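*Asks:* Structure incoming, see below.
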Amino acid sequence: MNKHELSYFHVEKDGFRLKLKKGADLDAMQDMLRAAGPPAQLTTGPVALPPVQPMSPPAGGDAAAEPEGDHIKAPMVGTFYSSPDPESPPFVSVGSEVDENTTVCMIEAMKTFNEIKAECRGTIVKVLVDNAQAVQYDDPLFVIKPA
C-alpha cells in the first residue's frame with residue numbers, strides 16, 4: 001500500500017473478501033460522529049474582557065541600564081550555545097577581546113552546529129542570552145564595545 005500510495009484496498013473473489021484501510025477508519029469515525037448527535041450551537045456576541053493593565057518598568061531599571069555598544073546578532077534561528085560542549089568554558093565572556101574571526105558562540109539549527117564569528121573588533125560588554133536558549137534571526141546575542 002505504501003509503494004503504490006493506497007489508503008484503501010478491497011477485493012472479493014469466490015467467497016473470499018479482503019478489505020485493507022490505511023490511516024483512520026473513516027466508517028468508525030462517522031459512526032462516532034452520528035452517535036454524538038448534532039454539533040453544539042455557538043453563539044456570537046460581545047464578550048467582556050478584563051481591563052488591560054499597563055506594564056510597569058523593571059524595578060530600578062530603565063533603557064539606560066543596558067550597556068552602550070553594538071550588538072552581535074543571531075544570523076539564524078536555532079539554539080544558542082556559549083561553549084563547544086558542557087565541560088568546556090564559554091567561547092567568550094564579559095571582558096573578552098574579539099576580532100572578526102573570533103568564535104563567540106554556536107547556534108544549533110536542524111542538528112547542525114554553526115560557529116558564529118564576532119565579525120568585528122572589540123570587547124564583549126554583556127552576554128544577552130542564556131546557554132541552550134532558543135534564538136530567532138537577528139536577536140541580539142552580545143553587546144560589544146567596538147575597538
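Just remember, in the C-alpha cells the first chain shown is A, the second B, etc., residues are 1-based per chain, and ligands are 1-based in the order shown.
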Need the shell around range 71-83 of chain A: protein/DNA/RNA residues with any atom at most 12 Å away, counting only C-alpha atoms. Skip same-chain ones fewer than 3 positions apart. Format as a VMD selection string?

*Replies:* chain A and resid 66 to 68 86 to 93 98 to 100 102 to 146

*Asks:* Just list the residues in range 57-133 of chain A DSSP gives strand (DSSP E) on the backbone, as a count of residues only.

*Replies:* 29

*Asks:* Quick one: distance from CA of Arg17 in chain A to CA of His4 in chain A in Å, one decimal?

*Replies:*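 Taking CA of Arg17 in chain A as the start and CA of His4 in chain A as the end point, the length is 20.7 Å.
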
*Asks:* Have a look at CA of Asp85 in chain A and CA of Asn101 in chain A and let me know their distance in Å, one decimal.

*Replies:* 19.9 Å

*Asks:* Could you work out how far CA of Lys3 in chain A lies from CA of Gly15 in chain A, giving the answer in Å with one decimal?

*Replies:*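 About the pair CA of Gly15 in chain A and CA of Lys3 in chain A: they are 27.5 Å apart.
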